[in-house]
file structure.cif (mmCIF, N, CA, C and O atoms)
data_work
#
loop_
_atom_site.label_atom_id
_atom_site.label_comp_id
_atom_site.auth_asym_id
_atom_site.auth_seq_id
_atom_site.Cartn_x
_atom_site.Cartn_y
_atom_site.Cartn_z
N MET A 34 11.04 -1.83 9.48
CA MET A 34 9.80 -1.17 9.17
C MET A 34 9.95 0.32 9.42
O MET A 34 10.69 0.72 10.33
N LYS A 35 9.28 1.12 8.61
CA LYS A 35 9.29 2.57 8.79
C LYS A 35 8.00 3.00 9.46
O LYS A 35 6.92 2.57 9.05
N VAL A 36 8.12 3.82 10.49
CA VAL A 36 6.95 4.31 11.22
C VAL A 36 6.93 5.82 11.09
O VAL A 36 7.93 6.49 11.38
N LYS A 37 5.81 6.38 10.64
CA LYS A 37 5.68 7.82 10.44
C LYS A 37 4.55 8.36 11.30
O LYS A 37 3.45 7.81 11.29
N LEU A 38 4.83 9.42 12.04
CA LEU A 38 3.80 10.07 12.86
C LEU A 38 2.96 10.96 11.96
O LEU A 38 3.47 11.90 11.35
N ILE A 39 1.65 10.65 11.87
CA ILE A 39 0.78 11.41 10.97
C ILE A 39 -0.22 12.28 11.70
O ILE A 39 -0.87 13.12 11.09
N LYS A 40 -0.37 12.06 13.01
CA LYS A 40 -1.27 12.90 13.80
C LYS A 40 -0.52 13.45 15.00
O LYS A 40 0.40 12.82 15.50
N SER A 41 -0.96 14.59 15.48
CA SER A 41 -0.31 15.25 16.60
C SER A 41 -0.48 14.46 17.89
O SER A 41 -1.48 13.77 18.10
N LEU A 42 0.50 14.59 18.77
CA LEU A 42 0.45 13.94 20.08
C LEU A 42 -0.33 14.77 21.10
O LEU A 42 -0.60 14.29 22.20
N ILE A 43 -0.71 16.00 20.73
CA ILE A 43 -1.45 16.86 21.65
C ILE A 43 -2.80 16.20 21.96
O ILE A 43 -3.52 15.78 21.06
N GLY A 44 -3.11 16.09 23.21
CA GLY A 44 -4.36 15.49 23.64
C GLY A 44 -4.29 13.98 23.84
O GLY A 44 -5.25 13.38 24.29
N SER A 45 -3.16 13.39 23.50
CA SER A 45 -3.00 11.95 23.70
C SER A 45 -2.66 11.66 25.16
O SER A 45 -2.19 12.52 25.89
N LYS A 46 -2.89 10.41 25.56
CA LYS A 46 -2.57 10.00 26.92
C LYS A 46 -1.06 9.97 27.11
O LYS A 46 -0.30 9.80 26.14
N LYS A 47 -0.62 10.12 28.35
CA LYS A 47 0.81 10.17 28.64
C LYS A 47 1.54 8.91 28.18
O LYS A 47 2.66 8.99 27.67
N ASP A 48 0.91 7.75 28.35
CA ASP A 48 1.58 6.52 27.94
C ASP A 48 1.70 6.42 26.42
O ASP A 48 2.68 5.87 25.90
N GLN A 49 0.75 6.99 25.68
CA GLN A 49 0.84 7.00 24.22
C GLN A 49 1.95 7.95 23.76
O GLN A 49 2.68 7.64 22.82
N ILE A 50 2.08 9.08 24.42
CA ILE A 50 3.15 10.02 24.10
C ILE A 50 4.50 9.38 24.38
O ILE A 50 5.43 9.47 23.57
N ALA A 51 4.62 8.68 25.51
CA ALA A 51 5.87 8.01 25.87
C ALA A 51 6.21 6.92 24.85
O ALA A 51 7.38 6.75 24.49
N THR A 52 5.20 6.22 24.37
CA THR A 52 5.42 5.18 23.36
C THR A 52 5.92 5.79 22.06
O THR A 52 6.85 5.27 21.44
N ALA A 53 5.33 6.90 21.64
CA ALA A 53 5.78 7.58 20.41
C ALA A 53 7.22 8.04 20.57
O ALA A 53 8.04 7.87 19.65
N HIS A 54 7.57 8.60 21.71
CA HIS A 54 8.93 9.05 21.95
C HIS A 54 9.90 7.87 21.97
O HIS A 54 11.03 7.99 21.48
N ALA A 55 9.47 6.74 22.51
CA ALA A 55 10.32 5.55 22.53
C ALA A 55 10.61 5.05 21.11
O ALA A 55 11.68 4.48 20.86
N LEU A 56 9.68 5.28 20.21
CA LEU A 56 9.89 4.91 18.81
C LEU A 56 10.71 5.96 18.05
O LEU A 56 11.07 5.75 16.90
N GLY A 57 10.98 7.10 18.67
CA GLY A 57 11.75 8.16 18.02
C GLY A 57 10.89 9.15 17.27
O GLY A 57 11.37 9.85 16.39
N LEU A 58 9.60 9.22 17.62
CA LEU A 58 8.66 10.13 16.95
C LEU A 58 8.31 11.26 17.90
O LEU A 58 7.77 11.03 18.98
N PHE A 59 8.61 12.49 17.49
CA PHE A 59 8.38 13.64 18.35
C PHE A 59 7.44 14.67 17.73
O PHE A 59 6.63 15.27 18.42
N LYS A 60 7.56 14.89 16.41
CA LYS A 60 6.72 15.87 15.73
C LYS A 60 6.01 15.21 14.56
O LYS A 60 6.47 14.19 14.04
N VAL A 61 4.90 15.79 14.14
CA VAL A 61 4.17 15.27 12.99
C VAL A 61 5.09 15.27 11.77
O VAL A 61 5.78 16.24 11.51
N GLY A 62 5.13 14.15 11.08
CA GLY A 62 5.99 14.02 9.90
C GLY A 62 7.28 13.29 10.19
O GLY A 62 7.99 12.90 9.26
N ASP A 63 7.61 13.07 11.46
CA ASP A 63 8.83 12.34 11.81
C ASP A 63 8.71 10.90 11.33
O ASP A 63 7.66 10.27 11.44
N ILE A 64 9.82 10.37 10.80
CA ILE A 64 9.88 8.98 10.35
C ILE A 64 11.00 8.29 11.10
O ILE A 64 12.10 8.83 11.21
N ALA A 65 10.72 7.09 11.62
CA ALA A 65 11.72 6.32 12.34
C ALA A 65 11.82 4.93 11.72
O ALA A 65 10.81 4.31 11.41
N GLN A 66 13.04 4.47 11.53
CA GLN A 66 13.29 3.12 11.04
C GLN A 66 13.42 2.21 12.27
O GLN A 66 14.26 2.45 13.12
N GLN A 67 12.56 1.21 12.38
CA GLN A 67 12.54 0.31 13.53
C GLN A 67 12.63 -1.13 13.06
O GLN A 67 12.18 -1.47 11.97
N PRO A 68 13.21 -2.01 13.91
CA PRO A 68 13.23 -3.43 13.54
C PRO A 68 11.83 -4.02 13.62
O PRO A 68 11.00 -3.57 14.42
N ASP A 69 11.56 -4.99 12.77
CA ASP A 69 10.24 -5.62 12.75
C ASP A 69 10.25 -6.80 13.72
O ASP A 69 10.54 -7.93 13.35
N ASN A 70 9.96 -6.52 14.99
CA ASN A 70 9.93 -7.56 16.02
C ASN A 70 8.68 -7.38 16.88
O ASN A 70 7.98 -6.37 16.75
N PRO A 71 8.37 -8.33 17.74
CA PRO A 71 7.14 -8.24 18.54
C PRO A 71 7.07 -6.99 19.43
O PRO A 71 5.98 -6.45 19.64
N GLN A 72 8.20 -6.52 19.94
CA GLN A 72 8.20 -5.33 20.79
C GLN A 72 7.77 -4.10 20.00
O GLN A 72 6.92 -3.32 20.46
N THR A 73 8.33 -3.92 18.83
CA THR A 73 7.97 -2.78 17.99
C THR A 73 6.52 -2.88 17.53
O THR A 73 5.80 -1.88 17.51
N GLN A 74 6.08 -4.07 17.17
CA GLN A 74 4.70 -4.25 16.72
C GLN A 74 3.71 -3.91 17.83
O GLN A 74 2.66 -3.33 17.58
N GLY A 75 4.06 -4.22 19.08
CA GLY A 75 3.20 -3.88 20.21
C GLY A 75 3.11 -2.38 20.41
O GLY A 75 2.04 -1.84 20.70
N LYS A 76 4.25 -1.70 20.26
CA LYS A 76 4.26 -0.24 20.39
C LYS A 76 3.42 0.41 19.30
O LYS A 76 2.65 1.34 19.56
N VAL A 77 3.57 -0.09 18.08
CA VAL A 77 2.81 0.46 16.95
C VAL A 77 1.31 0.21 17.15
O VAL A 77 0.49 1.08 16.86
N LYS A 78 0.96 -0.95 17.67
CA LYS A 78 -0.45 -1.26 17.91
C LYS A 78 -1.05 -0.31 18.94
O LYS A 78 -2.20 0.11 18.82
N LYS A 79 -0.25 0.08 19.93
CA LYS A 79 -0.73 0.96 20.99
C LYS A 79 -1.06 2.36 20.45
O LYS A 79 -1.99 3.01 20.91
N ILE A 80 -0.27 2.83 19.48
CA ILE A 80 -0.50 4.17 18.93
C ILE A 80 -0.83 4.09 17.43
O ILE A 80 -0.51 4.99 16.67
N GLY A 81 -1.49 3.02 17.04
CA GLY A 81 -1.81 2.78 15.62
C GLY A 81 -2.64 3.87 14.98
O GLY A 81 -2.55 4.10 13.77
N HIS A 82 -3.46 4.57 15.78
CA HIS A 82 -4.30 5.64 15.23
C HIS A 82 -3.52 6.92 14.99
O HIS A 82 -4.03 7.85 14.37
N LEU A 83 -2.26 6.97 15.43
CA LEU A 83 -1.43 8.17 15.26
C LEU A 83 -0.33 7.99 14.22
O LEU A 83 0.29 8.97 13.81
N VAL A 84 -0.08 6.75 13.81
CA VAL A 84 1.06 6.48 12.94
C VAL A 84 0.65 5.77 11.66
O VAL A 84 -0.45 5.23 11.54
N GLU A 85 1.60 5.76 10.72
CA GLU A 85 1.45 5.06 9.46
C GLU A 85 2.68 4.16 9.31
O GLU A 85 3.80 4.64 9.52
N VAL A 86 2.47 2.90 8.98
CA VAL A 86 3.57 1.95 8.92
C VAL A 86 3.78 1.49 7.48
O VAL A 86 2.82 1.22 6.76
N SER A 87 5.06 1.40 7.09
CA SER A 87 5.40 0.84 5.78
C SER A 87 6.62 -0.06 5.97
O SER A 87 7.39 0.11 6.90
N GLU A 88 6.74 -0.99 5.08
CA GLU A 88 7.84 -1.98 5.19
C GLU A 88 9.10 -1.46 4.57
O GLU A 88 9.17 -0.62 3.77
#

call {"tool": "encode", "arguments": {"input": "structure.cif", "output": "structure tokens"}}
result
Amino acid sequence: MKVKLIKSLIGSKKDQIATAHALGLFKVGDIAQQPDNPQTQGKVKKIGHLVEVSE
């Protein structure tokens, strides 16, 4: 699955920022290719309002 950061991390909680960094997302527009497994889905759910997911 491809995960794209569409909103800035400024003003987000520390754990949400850490989750985005764990996915490889640092700046708006960054795209990371991640495996489609329960761990990744949980991370995406936590920061779902900041990212866009495509298969």

call {"tool": "resolve_selection", "arguments": {"input": "structure.cif", "expression": "the PyMOL selection byres (((chain A and resi 86 and name CA) around 7) and name CA)", "output": "ChimeraX atom specification"}}
result
/A:34-37,84-85,87-88

call {"tool": "atom_distance", "arguments": {"input": "structure.cif", "atom1": "atom O of Gly44 (chain A)", "atom2": "CA of Leu83 (chain A)"}}
result
11.1 Å

call {"tool": "select_by_dssp", "arguments": {"input": "structure.cif", "residues": "chain A", "states": "strand (DSSP E or B)", "output": "PyMOL selection string"}}
result
chain A and resi 35-38+64-66+84-87

call {"tool": "residues_around", "arguments": {"input": "structure.cif", "residues": "Gln49 (chain A)", "least_positions_apart": "6", "cutoff": "8 Å", "atoms": "only N, CA, C and O atoms", "output": "list in words"}}
result
Leu42, Ala55, Leu56, Leu58, Lys76, Lys79 and Ile80 of chain A

call {"tool": "residues_around", "arguments": {"input": "structure.cif", "residues": "Lys60 (chain A)", "least_positions_apart": "2", "cutoff": "10 Å", "atoms": "only C-alpha atoms", "output": "PyMOL selection string"}}
result
chain A and resi 37-42+53-54+57-58+62-64

call {"tool": "atom_distance", "arguments": {"input": "structure.cif", "atom1": "atom N of Val77 (chain A)", "atom2": "atom C of Ala51 (chain A)"}}
result
10.1 Å

call {"tool": "select_by_dssp", "arguments": {"input": "structure.cif", "residues": "chain A", "states": "helix (DSSP H, G or I)", "output": "list in words"}}
result
Lys47, Asp48, Gln49, Ile50, Ala51, Thr52, Ala53, His54, Ala55, Pro71, Gln72, Thr73, Gln74, Gly75, Lys76, Val77, Lys78 and Lys79 of chain A

call {"tool": "atom_distance", "arguments": {"input": "structure.cif", "atom1": "atom O of Lys46 (chain A)", "atom2": "atom O of Asp69 (chain A)"}}
result
24.4 Å
